[in-house]
file model_29.txt (compact mmCIF, C-alpha atoms)
# COMPACT_ATOMS: atom_id res chain seq x y z
CA MET A 1 64.57 70.40 -31.30
CA LEU A 2 61.22 69.62 -29.76
CA ASN A 3 58.11 70.71 -31.60
CA ILE A 4 55.78 71.45 -28.69
CA THR A 5 52.23 72.71 -29.18
CA GLU A 6 49.86 74.20 -26.66
CA PRO A 7 47.39 71.28 -26.63
CA TYR A 8 50.29 68.89 -26.04
CA LEU A 9 51.43 70.84 -23.00
CA GLN A 10 47.93 71.07 -21.60
CA PHE A 11 47.80 67.28 -21.28
CA LEU A 12 51.47 66.62 -20.61
CA PRO A 13 51.57 64.40 -17.53
CA CYS A 14 53.83 65.32 -14.63
CA ARG A 15 55.93 62.59 -13.09
CA SER A 16 54.54 61.77 -9.67
CA SER A 17 58.01 62.19 -8.19
CA ASP A 18 58.29 65.70 -9.57
CA PRO A 19 55.24 67.89 -8.90
CA LEU A 20 57.34 71.07 -8.57
CA LEU A 21 59.78 71.17 -11.47
CA GLN A 22 57.76 69.55 -14.26
CA PRO A 23 55.17 72.35 -14.57
CA PHE A 24 57.98 74.91 -14.54
CA TRP A 25 59.89 72.97 -17.21
CA ASP A 26 56.75 72.67 -19.35
CA TYR A 27 56.27 76.43 -19.07
CA LEU A 28 59.84 77.07 -20.24
CA LEU A 29 59.50 74.67 -23.15
CA PHE A 30 56.28 76.21 -24.39
CA HIS A 31 56.94 79.93 -23.82
CA TYR A 32 60.71 80.23 -24.15
CA MET A 33 61.82 77.41 -26.44
CA PRO A 34 63.71 79.66 -28.93
CA LEU A 35 65.61 81.29 -26.06
CA ILE A 36 66.51 78.26 -23.93
CA SER A 37 67.39 76.09 -26.93
CA SER A 38 69.84 78.69 -28.24
CA PRO A 39 73.54 77.81 -27.74
CA PHE A 40 74.04 81.41 -26.64
CA PHE A 41 71.56 81.14 -23.76
CA PRO A 42 74.14 79.83 -21.22
CA VAL A 43 76.43 82.78 -22.05
CA LEU A 44 73.59 85.26 -21.57
CA LEU A 45 72.58 83.54 -18.33
CA ALA A 46 76.13 83.59 -16.97
CA PHE A 47 76.88 87.19 -17.87
CA SER A 48 73.55 88.55 -16.64
CA SER A 49 73.97 86.63 -13.36
CA TYR A 50 77.41 88.15 -12.88
CA PHE A 51 76.03 91.63 -13.57
CA PHE A 52 72.94 91.50 -11.36
CA PHE A 53 74.70 89.71 -8.47
CA SER A 54 77.59 92.20 -8.47
CA LEU A 55 75.51 95.36 -8.73
CA PRO A 56 74.09 95.53 -5.16
CA PHE A 57 77.53 95.10 -3.59
CA SER A 58 79.02 97.81 -5.78
CA VAL A 59 76.35 100.16 -4.41
CA LEU A 60 77.38 99.18 -0.87
CA ASP A 61 81.03 99.82 -1.69
CA LEU A 62 80.30 103.25 -3.13
CA LEU A 63 78.12 104.26 -0.17
CA GLY A 64 80.68 102.94 2.31
CA GLU A 65 80.29 104.27 5.85
CA LYS A 66 77.01 105.95 4.93
CA VAL A 67 75.41 102.52 5.40
CA PRO A 68 76.86 101.34 8.75
CA LEU A 69 74.49 98.37 8.89
CA PHE A 70 76.54 96.74 6.11
CA HIS A 71 79.85 98.60 6.36
CA GLN A 72 80.50 97.12 9.80
CA TYR A 73 81.00 93.78 8.06
CA LYS A 74 83.58 95.10 5.59
CA ILE A 75 86.61 92.81 5.87
CA GLN A 76 89.18 95.42 4.81
CA PRO A 77 87.48 98.74 5.65
CA ASN A 78 90.61 100.74 4.86
CA ARG A 79 90.53 99.58 1.21
CA LYS A 80 87.60 100.82 -0.86
CA PRO A 81 87.06 100.06 -4.58
CA THR A 82 86.46 103.09 -6.75
CA LEU A 83 83.94 103.51 -9.53
CA LYS A 84 86.82 103.40 -12.02
CA MET A 85 88.03 100.05 -10.64
CA MET A 86 84.51 98.65 -10.94
CA GLY A 87 84.16 99.91 -14.50
CA ASP A 88 87.54 98.52 -15.52
CA ASN A 89 86.64 95.06 -14.18
CA PHE A 90 83.26 95.07 -15.87
CA MET A 91 84.85 96.04 -19.20
CA VAL A 92 87.43 93.25 -18.89
CA THR A 93 84.63 90.73 -18.37
CA PHE A 94 82.57 92.21 -21.22
CA TYR A 95 85.58 92.17 -23.56
CA ASN A 96 86.39 88.55 -22.68
CA HIS A 97 82.82 87.45 -23.37
CA ILE A 98 82.53 89.28 -26.68
CA PHE A 99 85.90 88.35 -28.16
CA PHE A 100 86.57 84.93 -26.63
CA VAL A 101 83.49 83.30 -25.04
CA LEU A 102 81.07 83.97 -27.90
CA PRO A 103 83.53 82.80 -30.63
CA ALA A 104 84.17 79.65 -28.56
CA VAL A 105 80.41 78.99 -28.49
CA ILE A 106 80.15 79.48 -32.26
CA ILE A 107 82.99 77.01 -32.85
CA SER A 108 81.43 74.48 -30.46
CA ILE A 109 78.16 74.59 -32.44
CA PHE A 110 79.94 73.00 -35.40
CA ILE A 111 82.03 70.58 -33.33
CA MET A 112 79.37 69.33 -30.90
CA PRO A 113 75.80 70.53 -31.56
CA ALA A 114 73.58 70.66 -28.49
CA PRO A 115 71.14 67.71 -28.14
CA PRO A 116 67.37 68.33 -28.12
CA LEU A 117 65.88 69.47 -24.86
CA PRO A 118 64.26 66.59 -22.94
CA ARG A 119 60.54 66.49 -22.29
CA ASP A 120 60.83 65.54 -18.62
CA ALA A 121 62.20 67.77 -15.90
CA PRO A 122 64.64 66.45 -13.34
CA THR A 123 63.33 65.63 -9.91
CA VAL A 124 64.22 67.98 -7.07
CA TYR A 125 66.45 65.24 -5.65
CA GLU A 126 68.25 64.76 -8.97
CA LEU A 127 68.74 68.50 -9.34
CA PHE A 128 70.20 68.84 -5.84
CA ILE A 129 72.50 65.81 -6.07
CA ASP A 130 73.76 66.70 -9.53
CA MET A 131 74.39 70.31 -8.53
CA LEU A 132 76.36 69.17 -5.50
CA ALA A 133 78.35 66.66 -7.56
CA VAL A 134 79.29 69.26 -10.19
CA LEU A 135 80.26 71.84 -7.58
CA LEU A 136 82.44 69.31 -5.75
CA LEU A 137 84.09 68.22 -8.99
CA PHE A 138 84.77 71.80 -10.08
CA ASP A 139 86.04 72.66 -6.61
CA THR A 140 88.58 69.82 -6.87
CA GLN A 141 89.67 70.78 -10.38
CA TYR A 142 90.15 74.42 -9.52
CA PHE A 143 91.93 73.66 -6.24
CA ILE A 144 94.57 71.64 -8.13
CA TRP A 145 94.83 74.24 -10.92
CA HIS A 146 94.97 77.12 -8.44
CA PHE A 147 97.61 75.45 -6.27
CA MET A 148 99.83 74.74 -9.29
CA HIS A 149 99.58 78.30 -10.59
CA HIS A 150 100.59 79.77 -7.25
CA LYS A 151 103.52 77.38 -6.86
CA HIS A 152 104.90 77.85 -10.38
CA PRO A 153 106.16 81.46 -10.82
CA GLN A 154 105.83 81.49 -14.62
CA LEU A 155 102.30 80.10 -14.59
CA TYR A 156 101.33 82.62 -11.95
CA ARG A 157 102.83 85.58 -13.79
CA TRP A 158 101.50 84.66 -17.23
CA ILE A 159 98.05 83.35 -16.30
CA HIS A 160 96.79 83.92 -12.76
CA ALA A 161 98.40 87.20 -11.67
CA VAL A 162 95.66 89.19 -13.42
CA HIS A 163 93.18 88.04 -10.81
CA HIS A 164 95.45 89.17 -7.96
CA GLU A 165 95.76 92.81 -8.95
CA TYR A 166 93.66 93.71 -5.92
CA ILE A 167 94.55 92.79 -2.34
CA ALA A 168 90.98 93.58 -1.33
CA PRO A 169 88.58 91.82 -3.74
CA PHE A 170 85.18 93.27 -4.60
CA SER A 171 82.18 91.87 -6.43
CA TRP A 172 83.13 92.94 -9.98
CA SER A 173 86.62 91.43 -9.62
CA SER A 174 85.21 87.89 -9.45
CA GLU A 175 85.62 87.51 -13.23
CA ARG A 176 88.80 89.50 -13.70
CA LEU A 177 90.57 86.60 -15.40
CA SER A 178 93.24 86.15 -18.03
CA ILE A 179 92.13 84.47 -21.24
CA PRO A 180 93.83 81.12 -20.40
CA GLU A 181 92.16 81.06 -16.98
CA LEU A 182 88.82 82.05 -18.48
CA MET A 183 89.06 79.25 -21.04
CA THR A 184 90.05 76.70 -18.39
CA VAL A 185 87.21 77.64 -16.05
CA GLY A 186 84.80 77.77 -18.98
CA PHE A 187 85.89 74.33 -20.19
CA TRP A 188 85.24 72.74 -16.80
CA SER A 189 81.98 74.63 -16.34
CA ASN A 190 80.67 73.29 -19.65
CA CYS A 191 82.10 69.78 -19.58
CA ASP A 192 81.44 68.78 -15.97
CA PRO A 193 77.60 68.79 -16.31
CA ILE A 194 77.95 66.82 -19.57
CA LEU A 195 80.31 64.35 -17.90
CA LEU A 196 77.83 63.82 -15.06
CA ASN A 197 74.85 63.67 -17.45
CA CYS A 198 73.01 66.61 -15.92
CA HIS A 199 69.64 67.82 -17.11
CA PRO A 200 69.76 71.24 -18.90
CA LEU A 201 67.70 72.80 -16.11
CA THR A 202 70.22 71.49 -13.58
CA THR A 203 73.08 72.87 -15.65
CA TRP A 204 71.50 76.32 -15.73
CA CYS A 205 70.89 76.22 -11.99
CA ILE A 206 74.54 75.28 -11.49
CA THR A 207 75.59 78.22 -13.67
CA VAL A 208 73.57 80.74 -11.68
CA PHE A 209 74.42 79.28 -8.27
CA SER A 210 78.16 78.94 -8.94
CA ILE A 211 78.35 82.54 -10.19
CA TRP A 212 76.53 83.67 -7.06
CA MET A 213 79.05 81.76 -4.93
CA SER A 214 81.95 83.26 -6.88
CA VAL A 215 80.62 86.81 -6.52
CA GLU A 216 79.90 86.20 -2.84
CA ASP A 217 83.51 85.01 -2.38
CA HIS A 218 84.73 88.35 -3.72
CA ILE A 219 82.34 90.83 -2.11
CA GLY A 220 84.74 91.78 0.69
CA TYR A 221 82.02 91.59 3.35
CA ASP A 222 81.69 88.93 6.05
CA LEU A 223 77.92 89.22 6.17
CA PRO A 224 76.21 86.97 8.75
CA TRP A 225 73.60 85.73 6.25
CA THR A 226 75.96 84.62 3.45
CA LEU A 227 76.26 80.96 2.49
CA ASN A 228 79.45 80.31 4.48
CA HIS A 229 77.48 81.16 7.65
CA LEU A 230 74.27 79.40 6.63
CA VAL A 231 75.98 76.09 5.70
CA PRO A 232 77.11 74.40 8.94
CA LEU A 233 80.51 73.08 10.05
CA GLY A 234 82.46 75.63 8.04
CA LEU A 235 82.07 73.57 4.88
CA LEU A 236 82.14 76.72 2.71
CA GLY A 237 84.96 79.24 2.80
CA GLY A 238 83.04 82.23 1.48
CA ALA A 239 84.27 85.80 1.43
CA PRO A 240 86.43 85.51 4.59
CA ALA A 241 88.46 82.65 3.12
CA HIS A 242 88.90 84.18 -0.32
CA ASP A 243 89.66 87.62 1.07
CA MET A 244 92.40 85.97 3.13
CA HIS A 245 93.70 84.33 -0.06
CA HIS A 246 94.12 87.75 -1.68
CA GLN A 247 95.99 88.94 1.42
CA ARG A 248 98.07 85.77 1.73
CA PRO A 249 98.08 84.06 -1.69
CA SER A 250 99.65 80.84 -0.37
CA THR A 251 96.43 79.99 1.50
CA ASN A 252 92.80 79.07 0.80
CA TYR A 253 93.08 77.79 -2.78
CA ALA A 254 89.64 76.16 -3.04
CA PRO A 255 86.98 78.33 -4.71
CA PHE A 256 83.95 77.18 -2.72
CA PHE A 257 84.41 74.42 -0.17
CA SER A 258 86.97 74.20 2.62
CA HIS A 259 87.83 70.50 2.82
CA TRP A 260 90.80 70.46 0.41
CA ASP A 261 92.52 73.35 2.17
CA ARG A 262 91.99 71.62 5.50
CA ILE A 263 93.34 68.32 4.20
CA PHE A 264 96.46 69.88 2.65
CA GLY A 265 97.09 72.39 5.42
CA THR A 266 96.56 75.49 3.30
CA ALA A 267 93.53 76.80 5.19
CA ALA A 268 94.04 80.15 6.93
CA PRO A 269 91.62 82.07 9.15
CA LEU A 270 90.62 85.62 8.40
CA LYS A 271 92.76 88.34 9.94
CA LYS A 272 91.04 90.49 12.52
CA LYS A 273 90.13 94.02 11.57
CA ASN A 274 92.41 95.55 14.16
CA GLU A 275 95.33 93.65 12.63
CA LEU A 276 94.50 95.09 9.21
CA LYS A 277 94.17 98.64 10.51
CA SER A 278 97.53 98.46 12.26
CA LYS A 279 99.30 97.86 8.94
call {"tool": "encode", "arguments": {"input": "model_29.txt", "output": "structure tokens"}}
result
Amino acid sequence: MLNITEPYLQFLPCRSSDPLLQPFWDYLLFHYMPLISSPFFPVLLAFSSYFFFSLPFSVLDLLGEKVPLFHQYKIQPNRKPTLKMMGDNFMVTFYNHIFFVLPAVIISIFIMPAPPLPRDAPTVYELFIDMLAVLLLFDTQYFIWHFMHHKHPQLYRWIHAVHHEYIAPFSWSSERLSIPELMTVGFWSNCDPILLNCHPLTTWCITVFSIWMSVEDHIGYDLPWTLNHLVPLGLLGGAPAHDMHHQRPSTNYAPFFSHWDRIFGTAAPLKKKNELKSK
């Protein structure tokens, strides 16, 4: 672990290629070293991201038609999550983290201790490229895993069916996972940045951003300012694609991007609202 003192940070030179991230990284090292060097920090970051990203959409769901500005974008307006459903999903996630994620972190401390935090920050370019590479790799891994678990009845029933208890997903349901699925996703999420030699700051950004994308996939709203609308050419599936997957589970297997579903012919467009209401 780095032993950083205030005078050292005052004269720590920034790399000329990185005027933005180096001062921020220096600030984290000096003020929050005990926190960010803890092996439990990624767990805290992931869980808090899930909580704070899900909370605003749960408020929208509870208010419903009282907020027409947002309710008009509800994909399945005839299906509304209840407060009990939200609480049940949150407790499942909390239980999984306490009794499975945290013990896994404790075991990993003895098997593979975390290396010291580096002095230099990544460049903005490195951060962007590494984030994209990890997201693409994870997207490929989960597409294959997801496809297999939907095609094999036993795998689906024993492992993945838990996530499909709701035809209309909502923000808190993004982490309603069985223990085997949680461990698989967690393994990839932790190993992929190591495999691609990502900087810790990049890894944390990937954690936050991927959880945001996962929550956004499950919000049940086709909002015009979500990532799937902001990223051109339909490269991201977003909530419309994943909502369609919960309606028709043999479609839209990829978690984030759309290219694998297009290549393998499993992409499906979102049903129109009038089609849903007629059922």
call {"tool": "residues_around", "arguments": {"input": "model_29.txt", "residues": "segment 66-80 of chain A", "least_positions_apart": "6", "cutoff": "6 Å", "atoms": "all atoms listed in the file", "output": "PDB file with C-alpha atoms, in the frame of the given file"}}
result
ATOM      1  CA  GLY A 220      84.740  91.780   0.690  1.00  0.00           C
ATOM      2  CA  TYR A 221      82.020  91.590   3.350  1.00  0.00           C
ATOM      3  CA  ASP A 222      81.690  88.930   6.050  1.00  0.00           C
ATOM      4  CA  LEU A 223      77.920  89.220   6.170  1.00  0.00           C
TER       5      LEU A 223
END
call {"tool": "residues_near_point", "arguments": {"input": "model_29.txt", "point": "(82.8, 70.0, -5.3)", "cutoff": "10 Å", "atoms": "all atoms listed in the file", "output": "PDB file with C-alpha atoms, in the frame of the given file"}}
result
ATOM      1  CA  MET A 131      74.390  70.310  -8.530  1.00  0.00           C
ATOM      2  CA  LEU A 132      76.360  69.170  -5.500  1.00  0.00           C
ATOM      3  CA  ALA A 133      78.350  66.660  -7.560  1.00  0.00           C
ATOM      4  CA  VAL A 134      79.290  69.260 -10.190  1.00  0.00           C
ATOM      5  CA  LEU A 135      80.260  71.840  -7.580  1.00  0.00           C
ATOM      6  CA  LEU A 136      82.440  69.310  -5.750  1.00  0.00           C
ATOM      7  CA  LEU A 137      84.090  68.220  -8.990  1.00  0.00           C
ATOM      8  CA  PHE A 138      84.770  71.800 -10.080  1.00  0.00           C
ATOM      9  CA  ASP A 139      86.040  72.660  -6.610  1.00  0.00           C
ATOM     10  CA  THR A 140      88.580  69.820  -6.870  1.00  0.00           C
ATOM     11  CA  GLN A 141      89.670  70.780 -10.380  1.00  0.00           C
ATOM     12  CA  TYR A 142      90.150  74.420  -9.520  1.00  0.00           C
ATOM     13  CA  PHE A 143      91.930  73.660  -6.240  1.00  0.00           C
ATOM     14  CA  ALA A 254      89.640  76.160  -3.040  1.00  0.00           C
ATOM     15  CA  PRO A 255      86.980  78.330  -4.710  1.00  0.00           C
ATOM     16  CA  PHE A 256      83.950  77.180  -2.720  1.00  0.00           C
ATOM     17  CA  PHE A 257      84.410  74.420  -0.170  1.00  0.00           C
ATOM     18  CA  SER A 258      86.970  74.200   2.620  1.00  0.00           C
ATOM     19  CA  HIS A 259      87.830  70.500   2.820  1.00  0.00           C
ATOM     20  CA  TRP A 260      90.800  70.460   0.410  1.00  0.00           C
TER      21      TRP A 260
END
call {"tool": "atom_distance", "arguments": {"input": "model_29.txt", "atom1": "atom CA of His242 of chain A", "atom2": "atom CA of Leu60 of chain A"}}
result
18.9 Å
call {"tool": "axis_aligned_box", "arguments": {"input": "model_29.txt", "around": "segment 214-226 of chain A", "padding_each_side": "4 Å", "output": "AutoDock Vina command-line options"}}
result
--center_x 79.2 --center_y 87.5 --center_z 0.9 --size_x 19.1 --size_y 16.5 --size_z 23.6
call {"tool": "residues_around", "arguments": {"input": "model_29.txt", "residues": "Asn252 of chain A", "least_positions_apart": "3", "cutoff": "6 Å", "atoms": "all atoms listed in the file", "output": "list in words"}}
result
His245, Asp261, Thr266 and Ala267 of chain A
call {"tool": "write_last_selection", "arguments": {"input": "model_29.txt", "atoms": "C-alpha atoms", "output": "PDB file, in the coordinates of the input"}}
result
ATOM      1  CA  HIS A 245      93.700  84.330  -0.060  1.00  0.00           C
ATOM      2  CA  ASP A 261      92.520  73.350   2.170  1.00  0.00           C
ATOM      3  CA  THR A 266      96.560  75.490   3.300  1.00  0.00           C
ATOM      4  CA  ALA A 267      93.530  76.800   5.190  1.00  0.00           C
TER       5      ALA A 267
END
call {"tool": "residues_near_point", "arguments": {"input": "model_29.txt", "point": "(85.2, 95.2, -12.1)", "cutoff": "6 Å", "atoms": "all atoms listed in the file", "output": "VMD selection string"}}
result
chain A and resid 85 to 90 172 to 173
call {"tool": "write_last_selection", "arguments": {"input": "model_29.txt", "atoms": "C-alpha atoms", "output": "short mmCIF file (atom, residue, chain, number, x, y, z; two decimals), in the frame of the given file"}}
result
data_model
loop_
_atom_site.label_atom_id
_atom_site.label_comp_id
_atom_site.auth_asym_id
_atom_site.auth_seq_id
_atom_site.Cartn_x
_atom_site.Cartn_y
_atom_site.Cartn_z
CA MET A 85 88.03 100.05 -10.64
CA MET A 86 84.51 98.65 -10.94
CA GLY A 87 84.16 99.91 -14.50
CA ASP A 88 87.54 98.52 -15.52
CA ASN A 89 86.64 95.06 -14.18
CA PHE A 90 83.26 95.07 -15.87
CA TRP A 172 83.13 92.94 -9.98
CA SER A 173 86.62 91.43 -9.62
#
call {"tool": "closest_residue", "arguments": {"input": "model_29.txt", "among": "A:Met183, A:Asn190, A:Cys198, A:Ser174", "to": "Phe128 of chain A", "atoms": "all atoms listed in the file"}}
result
A:Cys198
call {"tool": "closest_residue", "arguments": {"input": "model_29.txt", "among": "A:Leu44, A:Leu63, A:Leu29, A:Val101", "to": "Trp204 of chain A", "atoms": "only C-alpha atoms"}}
result
A:Leu44
call {"tool": "atom_distance", "arguments": {"input": "model_29.txt", "atom1": "atom CA of Ala121 of chain A", "atom2": "atom CA of Asn197 of chain A"}}
result
13.4 Å
call {"tool": "closest_residue", "arguments": {"input": "model_29.txt", "among": "A:His199, A:His163, A:Arg176, A:His146", "to": "Leu117 of chain A", "atoms": "all atoms listed in the file"}}
result
A:His199
call {"tool": "atom_distance", "arguments": {"input": "model_29.txt", "atom1": "atom CA of Thr226 of chain A", "atom2": "atom CA of Ala239 of chain A"}}
result
8.6 Å
call {"tool": "residues_around", "arguments": {"input": "model_29.txt", "residues": "Leu45 of chain A", "least_positions_apart": "4", "cutoff": "8 Å", "atoms": "all atoms listed in the file", "output": "list in words"}}
result
Phe41, Ser49, Trp204, Thr207 and Val208 of chain A
